[in-house]
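Listing of my_file-v1.cif; format and content: mmCIF, C-alpha atoms.
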```
data_structure
#
loop_
_atom_site.group_PDB
_atom_site.id
_atom_site.type_symbol
_atom_site.label_atom_id
_atom_site.label_comp_id
_atom_site.auth_asym_id
_atom_site.auth_seq_id
_atom_site.Cartn_x
_atom_site.Cartn_y
_atom_site.Cartn_z
ATOM 1 C CA MET A 1 111.823 201.914 122.536
ATOM 2 C CA GLY A 2 114.745 200.114 120.899
ATOM 3 C CA TRP A 3 117.977 201.526 122.299
ATOM 4 C CA ARG A 4 119.842 200.849 119.055
ATOM 5 C CA GLN A 5 117.309 202.913 117.115
ATOM 6 C CA ILE A 6 117.619 205.736 119.624
ATOM 7 C CA GLU A 7 121.417 205.636 119.355
ATOM 8 C CA GLU A 8 121.114 205.847 115.569
ATOM 9 C CA ILE A 9 118.841 208.890 115.834
ATOM 10 C CA ASP A 10 121.197 210.575 118.312
ATOM 11 C CA ALA A 11 124.149 209.835 116.017
ATOM 12 C CA ALA A 12 122.332 211.268 113.011
ATOM 13 C CA LEU A 13 121.732 214.507 114.926
ATOM 14 C CA ALA A 14 125.329 214.681 116.132
ATOM 15 C CA GLN A 15 126.626 214.136 112.580
ATOM 16 C CA GLY A 16 124.335 216.779 111.123
ATOM 17 C CA ARG A 17 122.343 214.326 109.006
ATOM 18 C CA ILE A 18 119.150 215.507 110.710
ATOM 19 C CA ASP A 19 118.293 218.696 112.566
ATOM 20 C CA GLN A 20 116.533 219.035 115.918
ATOM 21 C CA GLN A 21 113.104 218.854 114.307
ATOM 22 C CA GLY A 22 114.229 215.733 112.502
ATOM 23 C CA TRP A 23 115.265 214.263 115.842
ATOM 24 C CA HIS A 24 111.808 214.888 117.300
ATOM 25 C CA ASP A 25 110.144 213.486 114.178
ATOM 26 C CA ALA A 26 112.281 210.337 114.267
ATOM 27 C CA MET A 27 111.617 209.768 117.958
ATOM 28 C CA ALA A 28 107.879 210.264 117.418
ATOM 29 C CA ASN A 29 107.961 207.708 114.609
ATOM 30 C CA LEU A 30 109.390 205.146 117.034
ATOM 31 C CA LEU A 31 106.438 205.648 119.347
ATOM 32 C CA ARG A 32 103.448 205.975 117.042
ATOM 33 C CA GLU A 33 102.808 202.351 116.139
ATOM 34 C CA PRO A 34 103.468 200.726 119.551
ATOM 35 C CA TYR A 35 101.462 203.368 121.398
ATOM 36 C CA LEU A 36 98.531 203.636 118.993
ATOM 37 C CA THR A 37 98.117 199.870 118.556
ATOM 38 C CA ALA A 38 98.474 199.023 122.248
ATOM 39 C CA GLU A 39 95.592 197.236 123.945
ATOM 40 C CA THR A 40 95.650 198.921 127.365
ATOM 41 C CA PRO A 41 95.700 202.601 128.332
ATOM 42 C CA TRP A 42 98.984 202.210 130.215
ATOM 43 C CA GLN A 43 100.617 200.584 127.181
ATOM 44 C CA GLN A 44 99.403 203.586 125.170
ATOM 45 C CA SER A 45 101.414 205.631 127.684
ATOM 46 C CA GLY A 46 104.569 203.561 127.294
ATOM 47 C CA LYS A 47 104.312 201.052 130.149
ATOM 48 C CA GLY A 48 103.953 197.324 129.636
ATOM 49 C CA GLY A 49 102.741 194.784 132.159
ATOM 50 C CA THR A 50 99.640 195.003 134.295
ATOM 51 C CA ALA A 51 97.621 197.819 135.822
ATOM 52 C CA GLU A 52 99.412 197.067 139.088
ATOM 53 C CA ASP A 53 102.781 197.479 137.355
ATOM 54 C CA TRP A 54 101.638 200.858 136.057
ATOM 55 C CA GLU A 55 100.597 202.039 139.490
ATOM 56 C CA GLN A 56 103.807 200.844 141.150
ATOM 57 C CA SER A 57 105.941 202.589 138.560
ATOM 58 C CA ARG A 58 103.993 205.849 138.233
ATOM 59 C CA LYS A 59 101.995 206.607 141.369
ATOM 60 C CA PHE A 60 104.974 208.015 143.238
ATOM 61 C CA VAL A 61 105.099 210.873 140.719
ATOM 62 C CA LEU A 62 102.823 212.544 143.267
ATOM 63 C CA ASP A 63 105.296 212.210 146.148
ATOM 64 C CA PRO A 64 106.646 215.752 145.497
ATOM 65 C CA VAL A 65 103.102 217.151 145.245
ATOM 66 C CA ASP A 66 102.408 218.725 148.621
ATOM 67 C CA ARG A 67 99.433 221.019 148.048
ATOM 68 C CA ASP A 68 96.338 221.525 145.903
ATOM 69 C CA GLY A 69 96.918 222.921 142.449
ATOM 70 C CA THR A 70 97.463 222.270 138.758
ATOM 71 C CA LEU A 71 99.838 219.702 137.274
ATOM 72 C CA LEU A 72 101.058 219.716 133.671
ATOM 73 C CA ASP A 73 102.163 216.366 132.254
ATOM 74 C CA VAL A 74 104.741 217.053 129.540
ATOM 75 C CA GLY A 75 104.660 214.155 127.110
ATOM 76 C CA CYS A 76 101.161 213.142 128.169
ATOM 77 C CA ALA A 77 100.667 210.602 125.330
ATOM 78 C CA ASN A 78 97.114 209.242 125.612
ATOM 79 C CA GLY A 79 96.454 211.099 128.864
ATOM 80 C CA TYR A 80 96.397 208.060 131.130
ATOM 81 C CA LEU A 81 98.681 209.593 133.757
ATOM 82 C CA MET A 82 96.448 212.670 133.726
ATOM 83 C CA GLU A 83 93.475 210.377 134.241
ATOM 84 C CA CYS A 84 95.075 208.655 137.230
ATOM 85 C CA ILE A 85 96.428 211.726 138.992
ATOM 86 C CA PRO A 86 93.205 213.099 140.561
ATOM 87 C CA GLY A 87 92.413 209.788 142.260
ATOM 88 C CA TRP A 88 95.953 209.274 143.491
ATOM 89 C CA ALA A 89 96.024 212.857 144.767
ATOM 90 C CA ALA A 90 92.704 212.391 146.566
ATOM 91 C CA GLU A 91 94.282 209.531 148.531
ATOM 92 C CA LYS A 92 96.683 212.156 149.898
ATOM 93 C CA GLY A 93 93.810 214.537 150.643
ATOM 94 C CA LEU A 94 94.787 216.799 147.737
ATOM 95 C CA ASN A 95 92.869 218.267 144.814
ATOM 96 C CA ILE A 96 95.013 218.248 141.671
ATOM 97 C CA GLU A 97 93.778 219.470 138.293
ATOM 98 C CA PRO A 98 95.681 217.675 135.507
ATOM 99 C CA HIS A 99 96.779 219.201 132.205
ATOM 100 C CA GLY A 100 98.838 217.771 129.366
ATOM 101 C CA VAL A 101 100.961 218.585 126.339
ATOM 102 C CA ASP A 102 102.452 216.291 123.715
ATOM 103 C CA ILE A 103 104.413 216.828 120.527
ATOM 104 C CA VAL A 104 102.730 213.987 118.602
ATOM 105 C CA PRO A 105 99.409 215.074 117.037
ATOM 106 C CA GLU A 106 97.959 211.547 117.047
ATOM 107 C CA PHE A 107 98.600 211.198 120.781
ATOM 108 C CA VAL A 108 96.923 214.517 121.482
ATOM 109 C CA ALA A 109 93.893 213.462 119.425
ATOM 110 C CA LEU A 110 93.714 210.158 121.303
ATOM 111 C CA ALA A 111 93.978 211.868 124.686
ATOM 112 C CA ARG A 112 91.215 214.320 123.793
ATOM 113 C CA LYS A 113 89.017 211.462 122.563
ATOM 114 C CA ARG A 114 89.596 209.481 125.760
ATOM 115 C CA LEU A 115 89.140 212.487 128.036
ATOM 116 C CA PRO A 116 86.690 214.821 126.280
ATOM 117 C CA GLN A 117 85.903 216.591 129.534
ATOM 118 C CA TRP A 118 89.516 217.788 129.586
ATOM 119 C CA ALA A 119 89.999 218.384 125.843
ATOM 120 C CA ASP A 120 90.755 222.064 126.400
ATOM 121 C CA ARG A 121 93.524 221.114 128.852
ATOM 122 C CA ILE A 122 95.347 218.818 126.413
ATOM 123 C CA HIS A 123 97.675 220.701 124.090
ATOM 124 C CA GLU A 124 99.813 219.916 121.068
ATOM 125 C CA GLY A 125 103.295 221.377 121.058
ATOM 126 C CA ASN A 126 107.011 221.012 121.571
ATOM 127 C CA ALA A 127 107.512 222.022 125.192
ATOM 128 C CA LEU A 128 110.847 223.622 124.263
ATOM 129 C CA THR A 129 109.027 226.299 122.280
ATOM 130 C CA TRP A 130 105.376 225.968 123.332
ATOM 131 C CA THR A 131 103.668 228.917 124.990
ATOM 132 C CA PRO A 132 101.253 227.561 127.605
ATOM 133 C CA PRO A 133 97.902 229.217 128.267
ATOM 134 C CA GLN A 134 98.663 229.516 132.003
ATOM 135 C CA ARG A 135 101.181 228.807 134.751
ATOM 136 C CA TYR A 136 101.110 225.523 136.648
ATOM 137 C CA ASP A 137 101.839 224.632 140.235
ATOM 138 C CA PHE A 138 103.579 221.412 139.186
ATOM 139 C CA VAL A 139 105.116 220.262 135.903
ATOM 140 C CA ARG A 140 106.199 216.682 135.228
ATOM 141 C CA THR A 141 108.576 215.659 132.451
ATOM 142 C CA GLY A 142 111.276 213.280 131.280
ATOM 143 C CA LEU A 143 114.620 214.621 130.091
ATOM 144 C CA GLU A 144 114.711 212.026 127.324
ATOM 145 C CA TYR A 145 112.029 214.007 125.486
ATOM 146 C CA VAL A 146 114.658 216.339 124.006
ATOM 147 C CA PRO A 147 118.167 215.885 122.550
ATOM 148 C CA ALA A 148 120.934 215.728 125.138
ATOM 149 C CA ASP A 149 122.346 219.124 124.186
ATOM 150 C CA ARG A 150 118.971 220.814 124.773
ATOM 151 C CA ARG A 151 118.190 219.349 128.178
ATOM 152 C CA ARG A 152 119.476 222.284 130.169
ATOM 153 C CA ASP A 153 117.368 224.640 128.033
ATOM 154 C CA PHE A 154 114.405 222.299 128.482
ATOM 155 C CA VAL A 155 114.653 222.383 132.266
ATOM 156 C CA ALA A 156 115.091 226.150 132.282
ATOM 157 C CA LYS A 157 112.034 226.611 130.069
ATOM 158 C CA LEU A 158 109.818 224.366 132.181
ATOM 159 C CA LEU A 159 110.849 226.192 135.347
ATOM 160 C CA THR A 160 109.428 229.374 133.810
ATOM 161 C CA ILE A 161 105.961 227.845 133.468
ATOM 162 C CA GLY A 162 105.719 225.882 136.723
ATOM 163 C CA ASP A 163 106.583 226.365 140.369
ATOM 164 C CA ARG A 164 107.909 222.821 140.890
ATOM 165 C CA LEU A 165 109.419 220.682 138.136
ATOM 166 C CA ILE A 166 109.236 216.920 138.658
ATOM 167 C CA VAL A 167 111.743 214.966 136.535
ATOM 168 C CA GLY A 168 110.797 211.320 136.083
ATOM 169 C CA PRO A 169 109.925 208.697 137.036
ATOM 170 C CA TYR A 170 112.804 206.858 135.420
ATOM 171 C CA THR A 171 114.749 203.692 136.170
ATOM 172 C CA VAL A 172 118.493 203.573 136.832
ATOM 173 C CA ASP A 173 121.022 201.217 138.367
ATOM 174 C CA VAL A 174 121.226 201.315 142.154
ATOM 175 C CA GLY A 175 123.531 204.176 143.124
ATOM 176 C CA ASP A 176 123.278 205.968 139.778
ATOM 177 C CA GLU A 177 122.765 209.699 140.370
ATOM 178 C CA GLN A 178 123.721 210.914 136.900
ATOM 179 C CA THR A 179 120.532 212.903 136.364
ATOM 180 C CA GLU A 180 120.896 214.757 139.656
ATOM 181 C CA ASN A 181 124.569 215.393 138.882
ATOM 182 C CA ASP A 182 123.721 216.701 135.414
ATOM 183 C CA LEU A 183 121.126 219.058 136.842
ATOM 184 C CA ALA A 184 123.650 220.362 139.370
ATOM 185 C CA ASP A 185 126.274 220.806 136.644
ATOM 186 C CA TRP A 186 123.739 222.846 134.655
ATOM 187 C CA GLY A 187 123.334 225.195 137.614
ATOM 188 C CA PHE A 188 120.070 223.879 139.057
ATOM 189 C CA THR A 189 119.443 222.916 142.666
ATOM 190 C CA VAL A 190 117.741 219.581 143.206
ATOM 191 C CA ALA A 191 115.198 220.160 145.956
ATOM 192 C CA GLY A 192 114.510 216.481 146.604
ATOM 193 C CA HIS A 193 114.372 212.994 145.190
ATOM 194 C CA VAL A 194 112.527 209.723 145.731
ATOM 195 C CA ARG A 195 113.784 206.167 145.284
ATOM 196 C CA LYS A 196 111.432 203.192 144.943
ATOM 197 C CA PRO A 197 112.181 199.453 144.664
ATOM 198 C CA HIS A 198 112.345 197.890 141.218
ATOM 199 C CA PRO A 199 111.531 194.234 140.404
ATOM 200 C CA ASN A 200 115.159 193.932 139.274
ATOM 201 C CA PRO A 201 117.217 194.269 142.476
ATOM 202 C CA ARG A 202 119.999 195.962 140.528
ATOM 203 C CA GLY A 203 117.655 198.766 139.500
ATOM 204 C CA VAL A 204 115.705 201.489 141.244
ATOM 205 C CA ARG A 205 112.774 203.649 140.208
ATOM 206 C CA THR A 206 113.464 207.268 140.940
ATOM 207 C CA LEU A 207 112.516 210.876 140.340
ATOM 208 C CA CYS A 208 113.756 214.254 141.501
ATOM 209 C CA TRP A 209 112.366 217.738 141.594
ATOM 210 C CA LEU A 210 113.408 221.355 141.354
ATOM 211 C CA ASP A 211 111.685 224.458 142.639
ATOM 212 C CA GLN A 212 111.552 227.774 140.843
ATOM 213 C CA SER A 213 113.889 230.166 142.625
#
```
For this file, write the structure as structure tokens.
Amino acid sequence: MGWRQIEEIDAALAQGRIDQQGWHDAMANLLREPYLTAETPWQQSGKGGTAEDWEQSRKFVLDPVDRDGTLLDVGCANGYLMECIPGWAAEKGLNIEPHGVDIVPEFVALARKRLPQWADRIHEGNALTWTPPQRYDFVRTGLEYVPADRRRDFVAKLLTIGDRLIVGPYTVDVGDEQTENDLADWGFTVAGHVRKPHPNPRGVRTLCWLDQS
């Protein structure tokens, strides 16, 4: 997404020109066209490049997954991460049942069309307010899915519906631990994190996780 457009949306929320629903609507509008017109399933999930690039940047989302169970992908888009997870988990000798939720109706429809066998596991909703049909062993999300002033609430909510919350993957500068510091400042304990090389030597791919206390 264009960072200038995101800054404009954040500024509009801060100045009261839009409300929180308006923020979500504006962010969704940034994603609809590039996702829905993309040619590959990973581009429809927000990742350019090749299939190998997708795997290198996303496969380690399973590093914190240490047992069989269910995994909810918050912001599942077209469901491609859901689709990949069982095979990646099997390489670790694990059986993971993927589920998904997304706020954008068109993405949910696309995911259900692509994965009809899992249509009843793919939900439409804003995870801040959504009531899931069950609890999950693992929940994966990005903090950028909500406005900055709602991120603590977002984390707290997701920890009520899952035993382990995986935040990421995301890319930062080498040495940047702002997300972990923010989580600690909000009163959460980071149980672990993973760092992976990035093609840009100044960057690193990373994620962290929290366990329900």
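Atom to atom, atom CA of Val104 of chain A and atom CA of Ile166 of chain A stand 21.3 Å apart.
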(message) Counting only C-alpha atoms, which residue out of A:Trp23, A:Leu110, A:Asn95, A:Ala184 sits closest to Arg150 of chain A?
(response)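 Residue with the minimum atom-to-atom distance to Arg150 of chain A: A:Trp23.
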(message) Starting from the PyMOL selection byres ((chain A and resi 195-202) around 12), expand the selection into actual residues of this file and give them as a VMD selection string.
(response) chain A and resid 53 56 to 61 63 to 64 168 to 177 192 to 194 203 to 208
Would you save the residues from that selection as a short mmCIF file (atom, residue, chain, number, x, y, z; two decimals), in the frame of the given file, using C-alpha atoms?
```cif
data_model
loop_
_atom_site.label_atom_id
_atom_site.label_comp_id
_atom_site.auth_asym_id
_atom_site.auth_seq_id
_atom_site.Cartn_x
_atom_site.Cartn_y
_atom_site.Cartn_z
CA ASP A 53 102.78 197.48 137.35
CA GLN A 56 103.81 200.84 141.15
CA SER A 57 105.94 202.59 138.56
CA ARG A 58 103.99 205.85 138.23
CA LYS A 59 102.00 206.61 141.37
CA PHE A 60 104.97 208.02 143.24
CA VAL A 61 105.10 210.87 140.72
CA ASP A 63 105.30 212.21 146.15
CA PRO A 64 106.65 215.75 145.50
CA GLY A 168 110.80 211.32 136.08
CA PRO A 169 109.92 208.70 137.04
CA TYR A 170 112.80 206.86 135.42
CA THR A 171 114.75 203.69 136.17
CA VAL A 172 118.49 203.57 136.83
CA ASP A 173 121.02 201.22 138.37
CA VAL A 174 121.23 201.32 142.15
CA GLY A 175 123.53 204.18 143.12
CA ASP A 176 123.28 205.97 139.78
CA GLU A 177 122.76 209.70 140.37
CA GLY A 192 114.51 216.48 146.60
CA HIS A 193 114.37 212.99 145.19
CA VAL A 194 112.53 209.72 145.73
CA GLY A 203 117.66 198.77 139.50
CA VAL A 204 115.70 201.49 141.24
CA ARG A 205 112.77 203.65 140.21
CA THR A 206 113.46 207.27 140.94
CA LEU A 207 112.52 210.88 140.34
CA CYS A 208 113.76 214.25 141.50
#
```
(request) Name all residues at most 12 Å from Thr40 of chain A (count all atoms listed in the file; drop same-chain ones fewer than 2 positions away) and give them as a list in words. (result)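 The contact residues come out as Pro34, Tyr35, Leu36, Thr37, Ala38, Trp42, Gln43, Gln44, Ser45, Gly46, Lys47, Gly48, Gly49, Thr50, Ala51, Trp54, Asn78 and Tyr80 of chain A.
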(request) Output the residue selection produced by the PyMOL selection byres ((chain A and resi 165) around 10) on the file above, formatted as number ranges by chain. (result) A: 64, 71-72, 136-141, 155-156, 158-164, 166-168, 190-191, 208-212
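The smallest atom-to-atom distance between Glu83 of chain A and any of A:Pro41, A:Pro147, A:Gly22, A:Pro105, using all atoms listed in the file, is found for A:Pro41.
Note that atom CA of Met27 of chain A and atom CA of Trp3 of chain A are 11.3 Å apart.
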(request) Any chance you could resolve the PyMOL selection byres ((chain A and resi 94) around 9) against this file and give the residues as a PyMOL selection string? (result) chain A and resi 65-69+86+88-93+95-96
(message) Just want the 12 Å neighbourhood of Ala148 of chain A, counted on only C-alpha atoms, with same-chain residues fewer than 6 positions away dropped. Output as an NGL selection string.
(response) :A and (6-7 or 9-11 or 13-14 or 20 or 23 or 142 or 154-155 or 179 or 182)
(request) Find the residues around His24 of chain A up to 9 Å (all atoms listed in the file counted), leave out those fewer than 5 positions away in its own chain, and share them as a VMD selection string. (result) chain A and resid 19 29 103 126 145 to 147
Would you save the residues of that selection, restricted to C-alpha atoms, as a tab-separated table (two decimals), in the coordinates of the input?
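The result, stored in result_8.tsv:
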```tsv
chain	number	residue	atom	x	y	z
A	19	ASP	CA	118.29	218.70	112.57
A	29	ASN	CA	107.96	207.71	114.61
A	103	ILE	CA	104.41	216.83	120.53
A	126	ASN	CA	107.01	221.01	121.57
A	145	TYR	CA	112.03	214.01	125.49
A	146	VAL	CA	114.66	216.34	124.01
A	147	PRO	CA	118.17	215.88	122.55
```
(message) With distances taken over all atoms listed in the file, which residue among A:His99, A:Arg152, A:Arg17, A:Arg135 lies nearest Ala77 of chain A?
(response)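 Of all the options, A:His99 lies closest to Ala77 of chain A.
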(request) Quick one: pull the distance between atom CA of Cys84 of chain A and atom CA of Glu33 of chain A, Å, one decimal. (result) 23.3 Å
(request) Would you list the contacts of Arg121 of chain A as an MDAnalysis selection string, taking every protein, DNA or RNA residue within 10 Å and counting only C-alpha atoms, but skipping same-chain residues closer than 5 positions in sequence? (result) chainID A and resid 72 97:101 112 115:116 133
Expected file contents, prior selection, C-alpha atoms, as an mmCIF file, keeping the file's coordinate frame:
```
data_model
loop_
_atom_site.group_PDB
_atom_site.id
_atom_site.type_symbol
_atom_site.label_atom_id
_atom_site.label_comp_id
_atom_site.auth_asym_id
_atom_site.auth_seq_id
_atom_site.Cartn_x
_atom_site.Cartn_y
_atom_site.Cartn_z
ATOM 1 C CA LEU A 72 101.058 219.716 133.671
ATOM 2 C CA GLU A 97 93.778 219.470 138.293
ATOM 3 C CA PRO A 98 95.681 217.675 135.507
ATOM 4 C CA HIS A 99 96.779 219.201 132.205
ATOM 5 C CA GLY A 100 98.838 217.771 129.366
ATOM 6 C CA VAL A 101 100.961 218.585 126.339
ATOM 7 C CA ARG A 112 91.215 214.320 123.793
ATOM 8 C CA LEU A 115 89.140 212.487 128.036
ATOM 9 C CA PRO A 116 86.690 214.821 126.280
ATOM 10 C CA PRO A 133 97.902 229.217 128.267
#
```
